[in-house]
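Student: TSV, C-alpha atoms, saved as upload25.tsv, coming up:
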chain	number	residue	atom	x	y	z
A	29	GLU	CA	19.01	30.13	6.14
A	30	THR	CA	19.19	28.29	2.85
A	31	GLU	CA	18.66	24.62	2.11
A	32	SER	CA	19.66	23.76	-1.44
A	33	ASN	CA	18.95	20.41	-3.10
A	34	ALA	CA	20.01	19.57	-6.62
A	35	PHE	CA	20.44	16.70	-9.05
A	36	TYR	CA	23.03	16.95	-11.82
A	37	ALA	CA	24.01	14.68	-14.68
A	38	GLN	CA	26.15	15.06	-17.81
A	39	PHE	CA	26.80	12.68	-20.65
A	40	SER	CA	29.33	12.81	-23.49
A	41	TRP	CA	29.28	10.79	-26.70
A	42	LYS	CA	32.35	10.56	-28.91
A	43	ALA	CA	30.70	10.03	-32.29
A	44	THR	CA	34.04	9.97	-34.14
A	45	ASP	CA	37.67	10.66	-33.30
A	46	GLN	CA	36.99	14.31	-34.16
A	47	LEU	CA	33.36	14.84	-33.08
A	48	THR	CA	32.02	14.82	-29.49
A	49	PHE	CA	28.51	15.66	-28.25
A	50	THR	CA	27.75	16.65	-24.65
A	51	LEU	CA	24.38	16.90	-22.91
A	52	GLY	CA	23.86	17.90	-19.27
A	53	GLY	CA	21.08	18.94	-16.93
A	54	ARG	CA	20.53	20.15	-13.40
A	55	ALA	CA	17.40	20.41	-11.26
A	56	THR	CA	17.72	22.83	-8.31
A	57	GLU	CA	15.43	23.69	-5.42
A	58	ASP	CA	16.40	26.35	-2.85
A	59	LYS	CA	14.37	26.68	0.34
A	60	LYS	CA	15.08	29.97	2.13
A	61	ASN	CA	14.11	31.46	5.49
A	62	PHE	CA	14.91	35.00	6.59
A	63	ARG	CA	14.68	37.04	9.76
A	64	PHE	CA	16.32	40.18	11.07
A	65	ALA	CA	16.56	42.36	14.16
A	66	ASN	CA	17.66	45.99	14.32
A	67	THR	CA	19.47	48.07	16.94
A	68	ASN	CA	16.23	48.76	18.78
A	69	SER	CA	16.18	45.09	19.74
A	70	ILE	CA	19.34	45.41	21.85
A	71	ALA	CA	19.33	49.13	22.78
A	72	PRO	CA	18.86	49.72	26.52
A	73	ARG	CA	16.26	52.18	27.71
A	74	ASN	CA	17.29	55.65	28.84
A	75	ALA	CA	15.93	57.58	31.83
A	76	ALA	CA	12.86	58.54	29.82
A	77	GLY	CA	12.12	54.87	29.09
A	78	ALA	CA	12.88	55.06	25.38
A	79	ARG	CA	15.24	52.78	23.43
A	80	ASP	CA	18.59	54.57	23.14
A	81	ALA	CA	21.28	53.21	20.77
A	82	THR	CA	23.92	55.49	22.32
A	83	LEU	CA	23.83	53.24	25.40
A	84	ILE	CA	24.93	50.13	23.46
A	85	THR	CA	28.32	48.79	24.64
A	86	PHE	CA	30.51	45.85	23.79
A	87	ASP	CA	28.86	43.95	26.62
A	88	THR	CA	25.33	44.46	25.34
A	89	PRO	CA	23.86	41.00	24.60
A	90	GLY	CA	22.56	40.07	21.16
A	91	PRO	CA	18.89	40.09	20.19
A	92	ALA	CA	16.60	37.69	22.02
A	93	ASN	CA	14.66	35.19	19.90
A	94	SER	CA	11.48	37.11	20.66
A	95	SER	CA	12.93	40.15	18.84
A	96	PHE	CA	12.48	38.44	15.50
A	97	GLY	CA	8.72	38.01	15.89
A	98	SER	CA	6.93	35.19	14.07
A	99	LYS	CA	5.63	34.49	10.58
A	100	GLY	CA	2.24	35.72	9.55
A	101	SER	CA	1.48	38.08	12.44
A	102	THR	CA	2.40	41.56	13.64
A	103	ASN	CA	1.89	43.66	16.75
A	104	CYS	CA	3.10	46.92	15.19
A	105	VAL	CA	0.98	50.08	15.18
A	106	PRO	CA	0.42	51.07	12.49
A	107	ALA	CA	0.66	47.59	10.96
A	108	ARG	CA	3.89	47.03	9.01
A	109	GLY	CA	2.87	43.77	7.36
A	110	PRO	CA	2.90	40.14	8.51
A	111	GLY	CA	6.00	39.01	10.37
A	112	PHE	CA	7.01	42.41	11.74
A	113	TYR	CA	7.51	42.63	15.50
A	114	CYS	CA	7.52	45.86	17.53
A	115	ASP	CA	8.31	46.75	21.14
A	116	PRO	CA	5.29	45.61	23.23
A	117	ALA	CA	5.76	48.70	25.43
A	118	ASP	CA	5.71	50.96	22.35
A	119	PRO	CA	4.31	49.22	19.24
A	120	THR	CA	5.57	52.05	17.01
A	121	VAL	CA	9.21	50.97	17.60
A	122	LEU	CA	10.31	48.15	15.26
A	123	LEU	CA	12.53	45.40	16.73
A	124	GLY	CA	12.68	42.86	13.91
A	125	ALA	CA	10.78	40.55	11.60
A	126	THR	CA	10.49	36.97	10.35
A	127	TYR	CA	9.45	36.50	6.72
A	128	ASP	CA	7.48	33.65	5.21
A	129	GLU	CA	9.56	30.82	3.78
A	130	LYS	CA	10.22	30.96	0.04
A	131	LYS	CA	11.13	28.25	-2.45
A	132	PHE	CA	12.98	28.86	-5.72
A	133	SER	CA	13.35	26.00	-8.17
A	134	LYS	CA	14.53	25.64	-11.75
A	135	SER	CA	15.73	23.03	-14.21
A	136	THR	CA	18.67	24.09	-16.37
A	137	GLY	CA	20.68	22.36	-19.07
A	138	ARG	CA	23.61	22.43	-21.45
A	139	ALA	CA	24.12	21.03	-24.93
A	140	ALA	CA	27.52	21.26	-26.65
A	141	VAL	CA	29.44	19.93	-29.60
A	142	ASP	CA	33.24	19.83	-30.06
A	143	TYR	CA	35.07	19.19	-33.34
A	144	LYS	CA	38.82	18.63	-33.59
A	145	LEU	CA	40.33	20.03	-36.77
A	146	GLY	CA	43.64	18.53	-35.74
A	147	LYS	CA	45.70	17.71	-32.68
A	148	GLN	CA	46.03	21.40	-31.82
A	149	GLN	CA	42.82	22.98	-33.17
A	150	LEU	CA	39.33	22.66	-31.70
A	151	LEU	CA	35.99	24.18	-32.69
A	152	TYR	CA	33.04	24.17	-30.29
A	153	ALA	CA	29.48	25.43	-29.87
A	154	ALA	CA	27.29	25.36	-26.77
A	155	TYR	CA	23.81	26.34	-25.61
A	156	SER	CA	23.07	26.52	-21.90
A	157	THR	CA	20.59	27.94	-19.44
A	158	GLY	CA	21.45	29.36	-16.03
A	159	PHE	CA	19.67	30.17	-12.80
A	160	ARG	CA	20.57	32.42	-9.86
A	161	SER	CA	18.27	31.90	-6.91
A	162	GLY	CA	16.01	34.64	-5.57
A	163	GLY	CA	16.22	36.00	-2.04
A	164	PHE	CA	15.16	38.58	0.52
A	165	ASN	CA	15.44	42.30	1.17
A	166	SER	CA	15.56	43.26	4.83
A	167	GLY	CA	13.10	45.65	6.46
A	168	GLN	CA	10.53	45.78	3.66
A	169	ALA	CA	6.95	46.25	4.87
A	170	ILE	CA	5.53	45.90	1.34
A	171	GLU	CA	5.18	42.19	0.61
A	172	SER	CA	6.26	42.48	-3.04
A	173	ALA	CA	9.50	44.26	-2.06
A	174	ARG	CA	10.56	41.65	0.51
A	175	THR	CA	11.75	39.18	-2.08
A	176	PHE	CA	13.39	39.36	-5.46
A	177	LEU	CA	12.93	36.79	-8.22
A	178	PRO	CA	15.49	34.33	-9.57
A	179	GLU	CA	17.67	35.55	-12.41
A	180	GLU	CA	17.68	33.38	-15.52
A	181	VAL	CA	19.93	33.38	-18.56
A	182	LYS	CA	19.99	31.69	-21.94
A	183	ALA	CA	23.51	31.56	-23.35
A	184	VAL	CA	24.92	30.65	-26.75
A	185	GLU	CA	28.67	30.42	-27.33
A	186	ILE	CA	30.81	29.41	-30.29
A	187	GLY	CA	34.58	29.39	-30.29
A	188	SER	CA	37.90	27.95	-31.23
A	189	LYS	CA	40.95	26.90	-29.23
A	190	ASN	CA	44.25	26.64	-31.12
A	191	ARG	CA	47.98	26.13	-30.78
A	192	PHE	CA	50.43	26.95	-33.58
A	193	LEU	CA	54.17	27.27	-34.33
A	194	ASP	CA	55.27	24.04	-32.73
A	195	ASN	CA	53.07	24.58	-29.67
A	196	THR	CA	54.58	28.00	-28.85
A	197	LEU	CA	51.56	30.13	-29.87
A	198	GLN	CA	48.15	29.75	-28.26
A	199	LEU	CA	45.12	31.56	-29.66
A	200	ASN	CA	41.61	31.21	-28.26
A	201	ILE	CA	38.55	33.10	-29.50
A	202	ALA	CA	34.88	32.94	-28.51
A	203	ALA	CA	31.67	34.75	-29.42
A	204	PHE	CA	28.62	34.70	-27.17
A	205	ASN	CA	25.05	35.86	-26.79
A	206	ASN	CA	23.46	35.98	-23.33
A	207	LYS	CA	19.81	36.88	-22.73
A	208	TYR	CA	18.83	37.64	-19.12
A	209	THR	CA	15.39	37.61	-17.55
A	210	ASN	CA	14.78	39.24	-14.15
A	211	LEU	CA	18.38	40.43	-13.98
A	212	GLN	CA	19.22	41.00	-10.30
A	213	GLU	CA	20.41	44.51	-9.48
A	214	GLN	CA	21.71	45.74	-6.12
A	215	ARG	CA	21.23	49.44	-5.44
A	216	GLN	CA	21.49	51.94	-2.63
A	217	VAL	CA	18.13	53.73	-2.66
A	218	PRO	CA	18.15	57.22	-1.09
A	219	ILE	CA	15.48	57.66	1.59
A	220	GLY	CA	15.75	61.23	2.88
A	221	LEU	CA	19.22	61.64	4.39
A	222	ALA	CA	19.80	57.88	4.64
A	223	THR	CA	19.80	54.96	2.19
A	224	ILE	CA	18.63	51.38	2.08
A	225	SER	CA	20.35	48.62	0.13
A	226	VAL	CA	17.96	46.51	-1.92
A	227	ILE	CA	18.13	43.90	-4.65
A	228	PHE	CA	15.48	44.08	-7.34
A	229	ASN	CA	14.86	42.62	-10.77
A	230	ALA	CA	15.65	44.71	-13.83
A	231	ALA	CA	13.31	42.96	-16.26
A	232	LYS	CA	15.39	41.91	-19.29
A	233	ALA	CA	18.93	42.45	-20.60
A	234	LYS	CA	21.22	41.10	-23.29
A	235	ALA	CA	24.97	40.78	-23.69
A	236	ASN	CA	26.68	40.08	-27.01
A	237	GLY	CA	30.41	39.85	-27.18
A	238	VAL	CA	33.68	38.45	-28.46
A	239	GLU	CA	36.66	37.43	-26.33
A	240	MET	CA	40.18	36.71	-27.58
A	241	GLU	CA	43.28	35.43	-25.80
A	242	LEU	CA	46.80	35.22	-27.22
A	243	GLU	CA	49.92	33.75	-25.61
A	244	TRP	CA	53.18	33.49	-27.54
A	245	ARG	CA	56.46	32.02	-26.36
A	246	ALA	CA	58.48	33.95	-28.94
A	247	THR	CA	61.82	32.51	-27.75
A	248	ASP	CA	62.97	30.43	-24.82
A	249	ARG	CA	63.25	33.69	-22.87
A	250	LEU	CA	60.67	36.07	-24.34
A	251	SER	CA	56.93	35.68	-23.68
A	252	LEU	CA	54.25	37.95	-25.13
A	253	GLY	CA	50.49	37.89	-24.62
A	254	GLY	CA	47.28	39.79	-24.83
A	255	THR	CA	43.54	39.66	-24.26
A	256	LEU	CA	40.68	41.58	-25.85
A	257	SER	CA	37.00	41.65	-24.97
A	258	LEU	CA	34.31	43.36	-27.05
A	259	LEU	CA	30.94	43.66	-25.31
A	260	ASP	CA	27.50	45.09	-26.02
A	261	ALA	CA	25.47	44.72	-22.80
A	262	LYS	CA	22.18	46.63	-22.55
A	263	TYR	CA	18.82	46.50	-20.83
A	264	THR	CA	16.17	45.40	-23.29
A	265	SER	CA	13.32	46.13	-20.85
A	266	PHE	CA	13.72	48.18	-17.67
A	267	PRO	CA	10.68	50.45	-17.12
A	268	ASP	CA	9.42	52.52	-14.17
A	269	VAL	CA	12.79	53.19	-12.47
A	270	ALA	CA	13.12	56.09	-10.04
A	271	LEU	CA	16.26	58.13	-10.72
A	272	PRO	CA	18.55	58.41	-7.68
A	273	PHE	CA	19.28	62.07	-8.43
A	274	GLY	CA	15.59	62.99	-8.76
A	275	THR	CA	12.92	61.89	-11.21
A	276	SER	CA	10.66	64.96	-11.28
A	277	ILE	CA	9.89	68.27	-9.56
A	278	LEU	CA	6.94	70.65	-9.39
A	279	VAL	CA	7.55	74.20	-10.62
A	280	THR	CA	5.29	77.26	-10.63
A	281	ASP	CA	3.59	77.83	-13.97
A	282	ALA	CA	0.97	80.61	-14.21
A	283	SER	CA	-0.09	79.32	-17.62
A	284	ALA	CA	-1.23	76.03	-16.09
A	285	THR	CA	-4.80	77.13	-15.35
A	286	ALA	CA	-6.00	73.56	-14.80
A	287	ALA	CA	-4.55	70.53	-13.04
A	288	THR	CA	-2.47	68.10	-15.11
A	289	VAL	CA	-4.17	64.70	-15.11
A	290	VAL	CA	-2.64	61.46	-16.46
A	291	ASN	CA	-4.76	58.31	-16.61
A	292	GLY	CA	-7.15	59.84	-14.11
A	293	VAL	CA	-4.37	60.77	-11.65
A	294	THR	CA	-3.47	64.40	-10.89
A	295	ILE	CA	0.29	64.77	-11.25
A	296	ALA	CA	0.37	68.58	-10.91
A	297	PRO	CA	-2.23	70.96	-9.48
A	298	ALA	CA	-3.39	74.13	-11.22
A	299	GLY	CA	-0.69	76.80	-11.18
A	300	GLN	CA	2.11	74.23	-11.23
A	301	ARG	CA	3.81	72.02	-13.80
A	302	ARG	CA	5.65	68.72	-13.25
A	303	VAL	CA	9.07	68.68	-14.90
A	304	PHE	CA	10.74	65.31	-15.47
A	305	ALA	CA	14.49	64.65	-15.64
A	306	PRO	CA	15.69	65.88	-19.04
A	307	GLY	CA	17.05	63.21	-21.35
A	308	TYR	CA	14.96	60.43	-19.82
A	309	SER	CA	11.57	58.99	-20.74
A	310	CYS	CA	9.69	59.40	-17.45
A	311	GLY	CA	6.10	59.43	-16.25
A	312	LEU	CA	3.56	58.13	-13.75
A	313	ILE	CA	4.15	54.53	-12.68
A	314	PRO	CA	1.03	52.49	-13.51
A	315	GLY	CA	-0.92	51.34	-10.47
A	316	THR	CA	-0.05	54.35	-8.32
A	317	GLY	CA	-1.99	57.49	-7.44
A	318	GLY	CA	-5.44	56.12	-8.17
A	319	THR	CA	-8.31	55.26	-5.86
A	320	GLY	CA	-7.29	52.47	-3.50
A	321	GLN	CA	-3.71	52.52	-4.86
A	322	PRO	CA	-0.40	53.67	-3.32
A	323	GLY	CA	0.47	57.36	-3.68
A	324	ALA	CA	1.51	58.65	-7.07
A	325	ALA	CA	5.06	57.54	-7.95
A	326	PHE	CA	7.14	58.49	-10.95
A	327	GLY	CA	9.72	56.48	-12.86
A	328	CYS	CA	11.71	56.38	-16.07
A	329	ASP	CA	12.22	53.82	-18.82
A	330	LEU	CA	15.88	52.75	-18.87
A	331	SER	CA	15.44	50.25	-21.70
A	332	GLY	CA	18.41	50.57	-24.05
A	333	LYS	CA	20.78	51.83	-21.34
A	334	ARG	CA	24.09	50.05	-20.83
A	335	VAL	CA	24.48	47.56	-18.00
A	336	PRO	CA	26.79	49.03	-15.29
A	337	TYR	CA	30.50	48.22	-15.42
A	338	ALA	CA	30.19	46.63	-18.88
A	339	ALA	CA	32.95	48.23	-20.94
A	340	ARG	CA	32.51	48.24	-24.71
A	341	TYR	CA	36.07	46.97	-24.98
A	342	GLN	CA	38.80	46.06	-22.54
A	343	GLY	CA	41.95	44.02	-22.58
A	344	SER	CA	45.61	43.70	-21.73
A	345	LEU	CA	49.08	43.35	-23.22
A	346	THR	CA	51.89	41.51	-21.42
A	347	GLY	CA	55.57	40.98	-22.03
A	348	SER	CA	58.29	39.28	-20.00
A	349	TYR	CA	61.91	38.24	-20.48
A	350	GLU	CA	64.19	35.91	-18.54
A	351	PHE	CA	67.87	36.71	-17.86
A	352	ASP	CA	70.24	34.11	-16.44
A	353	LEU	CA	72.59	35.40	-13.74
A	354	PRO	CA	76.18	34.19	-13.11
A	355	ASN	CA	75.31	32.69	-9.71
A	356	GLY	CA	72.55	30.48	-11.15
A	357	GLY	CA	69.68	32.84	-10.40
A	358	ARG	CA	67.27	34.46	-12.83
A	359	LEU	CA	66.02	37.98	-13.39
A	360	MET	CA	62.56	38.36	-14.97
A	361	PRO	CA	61.14	41.80	-15.85
A	362	LEU	CA	57.40	41.89	-16.62
A	363	ALA	CA	55.21	44.66	-18.03
A	364	VAL	CA	51.41	44.57	-18.10
A	365	VAL	CA	49.30	47.18	-19.91
A	366	THR	CA	45.55	47.13	-19.23
A	367	PHE	CA	43.04	49.27	-21.10
A	368	SER	CA	39.30	49.90	-21.07
A	369	SER	CA	36.78	51.97	-22.99
A	370	GLY	CA	35.22	52.97	-19.67
A	371	TYR	CA	31.80	52.22	-18.23
A	372	PHE	CA	28.81	53.59	-16.38
A	373	GLY	CA	28.47	52.87	-12.67
A	374	GLN	CA	24.65	52.90	-12.57
A	375	PRO	CA	21.89	51.81	-14.98
A	376	THR	CA	20.81	55.46	-15.40
A	377	ASN	CA	23.99	56.05	-17.46
A	378	ALA	CA	24.37	59.68	-16.34
A	379	GLU	CA	27.64	61.47	-17.12
A	380	ILE	CA	28.26	62.02	-13.40
A	381	GLU	CA	28.42	58.23	-12.88
A	382	LYS	CA	30.74	57.47	-15.79
A	383	GLN	CA	34.32	56.21	-15.79
A	384	ASN	CA	36.00	57.36	-19.01
A	385	ALA	CA	38.45	55.34	-21.09
A	386	TYR	CA	41.81	54.65	-19.46
A	387	THR	CA	45.11	52.78	-19.78
A	388	LYS	CA	47.22	51.52	-16.89
A	389	VAL	CA	50.73	50.11	-16.70
A	390	ASP	CA	52.09	47.68	-14.09
A	391	LEU	CA	55.82	46.93	-13.90
A	392	LYS	CA	57.42	44.02	-12.03
A	393	LEU	CA	60.96	42.76	-11.61
A	394	ASN	CA	61.33	39.28	-10.12
A	395	TRP	CA	64.76	38.05	-8.98
A	396	GLU	CA	65.04	34.33	-8.30
A	397	ILE	CA	68.12	34.41	-6.12
A	398	ASN	CA	68.29	30.65	-5.74
A	399	ARG	CA	65.98	27.68	-5.20
A	400	LEU	CA	64.85	29.02	-1.82
A	401	TRP	CA	64.86	32.81	-2.08
A	402	SER	CA	63.23	35.26	-4.47
A	403	ALA	CA	62.63	39.01	-4.41
A	404	LEU	CA	59.96	41.01	-6.24
A	405	LEU	CA	60.02	44.74	-6.91
A	406	PHE	CA	56.81	46.14	-8.40
A	407	VAL	CA	55.15	49.39	-9.42
A	408	ASP	CA	51.41	49.05	-9.93
A	409	ASN	CA	49.58	51.78	-11.86
A	410	ALA	CA	52.93	53.30	-12.82
A	411	THR	CA	51.28	56.19	-14.69
A	412	ASP	CA	49.21	57.03	-11.56
A	413	LYS	CA	45.93	56.91	-13.48
A	414	GLN	CA	42.91	57.71	-11.32
A	415	THR	CA	39.93	55.42	-11.95
A	416	ILE	CA	36.69	54.68	-10.13
A	417	ASN	CA	35.71	51.11	-9.28
A	418	ARG	CA	32.21	51.78	-7.95
A	419	PHE	CA	29.54	54.50	-7.93
A	420	VAL	CA	26.82	54.61	-5.24
A	421	TRP	CA	24.08	57.16	-4.61
A	422	GLY	CA	23.80	57.89	-0.89
A	423	GLY	CA	21.42	59.73	1.40
A	424	GLY	CA	20.46	63.27	0.53
A	425	GLY	CA	21.21	62.71	-3.16
A	426	ALA	CA	25.00	62.59	-2.64
A	427	GLN	CA	27.09	60.39	-4.89
A	428	GLN	CA	29.77	58.22	-3.31
A	429	ILE	CA	32.63	56.60	-5.18
A	430	SER	CA	35.23	53.95	-4.49
A	431	ALA	CA	38.49	54.69	-6.30
A	432	ALA	CA	41.19	52.27	-7.41
A	433	ALA	CA	44.62	52.48	-5.83
A	434	PRO	CA	47.02	55.20	-7.06
A	435	ARG	CA	50.63	54.49	-8.09
A	436	THR	CA	51.85	51.85	-5.64
A	437	PHE	CA	55.44	50.76	-5.02
A	438	GLY	CA	56.23	47.52	-3.28
A	439	PHE	CA	58.92	44.99	-2.43
A	440	ARG	CA	58.32	41.37	-1.52
A	441	LEU	CA	60.88	38.85	-0.27
A	442	THR	CA	59.91	35.18	-0.44
A	443	TYR	CA	61.51	32.14	1.17
A	444	LYS	CA	60.42	28.63	0.18
A	445	THR	CA	61.00	25.71	2.50
A	446	PHE	CA	60.44	23.06	-0.18
Could the structure of this file be written out as structure tokens, please?
Tutor:
Amino acid sequence: ETESNAFYAQFSWKATDQLTFTLGGRATEDKKNFRFANTNSIAPRNAAGARDATLITFDTPGPANSSFGSKGSTNCVPARGPGFYCDPADPTVLLGATYDEKKFSKSTGRAAVDYKLGKQQLLYAAYSTGFRSGGFNSGQAIESARTFLPEEVKAVEIGSKNRFLDNTLQLNIAAFNNKYTNLQEQRQVPIGLATISVIFNAAKAKANGVEMELEWRATDRLSLGGTLSLLDAKYTSFPDVALPFGTSILVTDASATAATVVNGVTIAPAGQRRVFAPGYSCGLIPGTGGTGQPGAAFGCDLSGKRVPYAARYQGSLTGSYEFDLPNGGRLMPLAVVTFSSGYFGQPTNAEIEKQNAYTKVDLKLNWEINRLWSALLFVDNATDKQTINRFVWGGGGAQQISAAAPRTFGFRLTYKTF
């Protein structure tokens, strides 16, 4: 449950006919509560008296309120942390949990200036701050892993919006610099043969880029257009990350006559050597492995790696033409070419999780039969280019992908009643 309260105000001052200043601000407070129940909470008991999910049917009722437990207490054995509730008949079986309430608040603002060079040319500059509220991860016994922090951004943008050639050519261009703090990342984390989905904060990142948009009505019948985006998006600080395909392994090494000790923590016993993932800067995560600390954990520094799905360049080219037909209808062919430099699907930037550069072509033919009827024939991804939309690491170290559609033919008939 989320209760969000905010106050927003924006003011504009037209200093001259050409110059306008804008100042805005927003104060936000999000109050969030979270609880969950798992399949054990509704699974009937089998003949042996144990919870059995294979006995769940469509008629099985939902979780009872008691399944969610209560804030600040637990009956689980061993203890799973405050708020976790286990089966009273078997306190090792988790039923659900209720987390403590969390509040996330932030004041953000925007300052901008616009200058009109003429009736059809505008220059602008803006500085703004942004805020994405924090939230909860389900099923986390460790208090620090239950929540993730708000994501914040400081953004600077300068640009120009223009129309030329008697209002038939539109050209817009913008350059920006975004600096992120506590960037929120969602990942599938392999746990044995299964995975858990968690959101965590990736320290700091930056994104610098330029975007351009062109639309030209070359004649009354011919329209041409294009877009281009240049982007440099990288993590500026992202330490202590466990690699989904394995961070380190122990190998036999007869030359290692003594244990390997790092900051007072043994990371490899005598006769063995710890080998970290090649190509990555990895080591012992501070605060683990020592006396009174969690077990030794290993991570890698991904600072400098590219943010997932952020192509260095991408864009499109479009062209369409209108033909008048003898019966009063119109025929309009359209071609769209999209291109991308490719991207990585995970912050680790491994070659196995990379989509290479590609170009795709979509073709459409629209026939406006009359005022009421129209027909569209289309071929999407005409060159049948295979691309991957998403990369996910699953249980057992297996990579899963979600691919874009192959070459697709279609026909659509439309009837308008107005």
Student: Please provide the set of residues having any atom within 10 Å of stretch 366-379 of chain A, restricted to all atoms listed in the file, with same-chain residues fewer than 4 positions apart removed, written as number ranges by chain.
Tutor: A: 213, 215, 230, 254-258, 262-263, 266, 269-273, 307-308, 328-346, 383-390, 409, 415-421, 429
Student: With all atoms listed in the file counted and 9 Å as the cut-off, give the residues of stretch 241-356 of chain A in contact with stretch 195-202 of chain A, each with its shortest interatomic distance in Å and the pair that gives it, as a Markdown table.
Tutor:
| residue | atom | partner | partner_atom | distance |
| --- | --- | --- | --- | --- |
| A:Glu241 | CA | A:Asn200 | CA | 5.2 |
| A:Leu242 | CA | A:Leu199 | CA | 4.7 |
| A:Glu243 | CA | A:Gln198 | CA | 5.1 |
| A:Trp244 | CA | A:Leu197 | CA | 4.4 |
| A:Arg245 | CA | A:Thr196 | CA | 5.1 |
| A:Ala246 | CA | A:Thr196 | CA | 7.1 |
| A:Thr247 | CA | A:Thr196 | CA | 8.6 |
Student: For the selection just defined, write its residues with C-alpha atoms to a file, as a PDB file, in the coordinates of the input.
Tutor:
ATOM      1  CA  GLU A 241      43.280  35.430 -25.800  1.00  0.00           C
ATOM      2  CA  LEU A 242      46.800  35.220 -27.220  1.00  0.00           C
ATOM      3  CA  GLU A 243      49.920  33.750 -25.610  1.00  0.00           C
ATOM      4  CA  TRP A 244      53.180  33.490 -27.540  1.00  0.00           C
ATOM      5  CA  ARG A 245      56.460  32.020 -26.360  1.00  0.00           C
ATOM      6  CA  ALA A 246      58.480  33.950 -28.940  1.00  0.00           C
ATOM      7  CA  THR A 247      61.820  32.510 -27.750  1.00  0.00           C
TER       8      THR A 247
END
Student: Quick one: distance from atom CA of A:Gly315 to atom CA of A:Thr175 in Å, one decimal?
Tutor: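 One can read the atom CA of A:Gly315 to atom CA of A:Thr175 distance as 19.5 Å.
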Student: For a quick check of understanding, using all atoms listed in the file, which of A:Ser94, A:Asn61, A:Thr288, A:Thr82 has the smallest distance to A:Asp128?
Tutor: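 Of the candidates, the smallest distance to A:Asp128 is held by A:Asn61.
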Student: In Å, how far is it from atom CA of A:Val290 to atom CA of A:Ala169?
Tutor: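 Between atom CA of A:Val290 and atom CA of A:Ala169 the gap is 27.9 Å.
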Student: Which one of A:Arg435, A:Arg108, A:Lys444, A:Lys60 sits closest to A:Phe132 if you count only C-alpha atoms?
Tutor: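 Smallest distance to A:Phe132 is found for A:Lys60.
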Student: What is the atom CA of A:Trp401 to atom CA of A:Arg249 distance in Å?
Tutor: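 Here the two named atoms are 20.9 Å from each other.
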Student: Please identify all polymer residues lying at most 10 Å from the point (31.9, 18.1, -28.3) (file coordinates), using all atoms listed in the file, and present the result as a PDB file with C-alpha atoms, in the frame of the given file.
Tutor:
ATOM      1  CA  SER A  40      29.330  12.810 -23.490  1.00  0.00           C
ATOM      2  CA  TRP A  41      29.280  10.790 -26.700  1.00  0.00           C
ATOM      3  CA  LYS A  42      32.350  10.560 -28.910  1.00  0.00           C
ATOM      4  CA  ALA A  43      30.700  10.030 -32.290  1.00  0.00           C
ATOM      5  CA  GLN A  46      36.990  14.310 -34.160  1.00  0.00           C
ATOM      6  CA  LEU A  47      33.360  14.840 -33.080  1.00  0.00           C
ATOM      7  CA  THR A  48      32.020  14.820 -29.490  1.00  0.00           C
ATOM      8  CA  PHE A  49      28.510  15.660 -28.250  1.00  0.00           C
ATOM      9  CA  THR A  50      27.750  16.650 -24.650  1.00  0.00           C
ATOM     10  CA  LEU A  51      24.380  16.900 -22.910  1.00  0.00           C
ATOM     11  CA  ALA A 139      24.120  21.030 -24.930  1.00  0.00           C
ATOM     12  CA  ALA A 140      27.520  21.260 -26.650  1.00  0.00           C
ATOM     13  CA  VAL A 141      29.440  19.930 -29.600  1.00  0.00           C
ATOM     14  CA  ASP A 142      33.240  19.830 -30.060  1.00  0.00           C
ATOM     15  CA  TYR A 143      35.070  19.190 -33.340  1.00  0.00           C
ATOM     16  CA  LYS A 144      38.820  18.630 -33.590  1.00  0.00           C
ATOM     17  CA  LEU A 150      39.330  22.660 -31.700  1.00  0.00           C
ATOM     18  CA  LEU A 151      35.990  24.180 -32.690  1.00  0.00           C
ATOM     19  CA  TYR A 152      33.040  24.170 -30.290  1.00  0.00           C
ATOM     20  CA  ALA A 153      29.480  25.430 -29.870  1.00  0.00           C
ATOM     21  CA  ALA A 154      27.290  25.360 -26.770  1.00  0.00           C
TER      22      ALA A 154
END
Student: Report as a list in words all protein, DNA and RNA residues lying within 7 Å of A:Asn205, evaluated on all atoms listed in the file, omitting residues in the same chain fewer than 2 positions from it.
Tutor: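 Contacts, with the query itself left out: Ala183, Val184, Glu185, Lys207, Ala235, Asn236 and Gly237 of chain A.
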Student: Fewer than 4 positions away in the same chain doesn't count, so skip those; otherwise give me all residues within 7 Å of A:Asn229, counting all atoms listed in the file, as a ChimeraX atom specification.
Tutor: /A:176-177,210-213
Student: Point out the residue among A:Ile186, A:Ile277, A:Leu193, A:Ala261 with the least atom-to-atom distance to A:Ala305, counting all atoms listed in the file.
Tutor: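 For A:Ala305, the nearest of the given residues is A:Ile277.
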Student: Of the residues A:Leu312, A:Val407, A:Ala55, A:Ala203, which is the one nearest to A:Thr275, using all atoms listed in the file?
Tutor: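 Nearest candidate to A:Thr275 out of A:Leu312, A:Val407, A:Ala55, A:Ala203: A:Leu312.
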Student: Which of these, A:Arg174, A:Lys182, A:Arg191, A:Lys413, has the shortest distance to A:Lys232 once you count all atoms listed in the file?
Tutor: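 Result for the nearest residue to A:Lys232: A:Lys182.
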Student: Residues within 12 Å of A:Leu400, please, as an MDAnalysis selection string. Count only C-alpha atoms; anything in the same chain fewer than 3 positions from it doesn't count.
Tutor: chainID A and resid 357 395:397 403 441:446
Student: Go through A:Ala173, A:Gln38, A:Gly253, A:Tyr155 one by one, measure the shortest atom-to-atom distance of each to A:Ser225 using only C-alpha atoms, and give the residue with the smallest value.
Tutor: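 Residue with the minimum atom-to-atom distance to A:Ser225: A:Ala173.
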Student: For A:Pro314, please output as JSON, numbers by chain all residues within 10 Å (counting only C-alpha atoms; exclusion window: fewer than 2 positions along the same chain).
Tutor: {"A": [268, 291, 311, 312, 316, 317, 318, 321, 324, 325, 326, 327]}
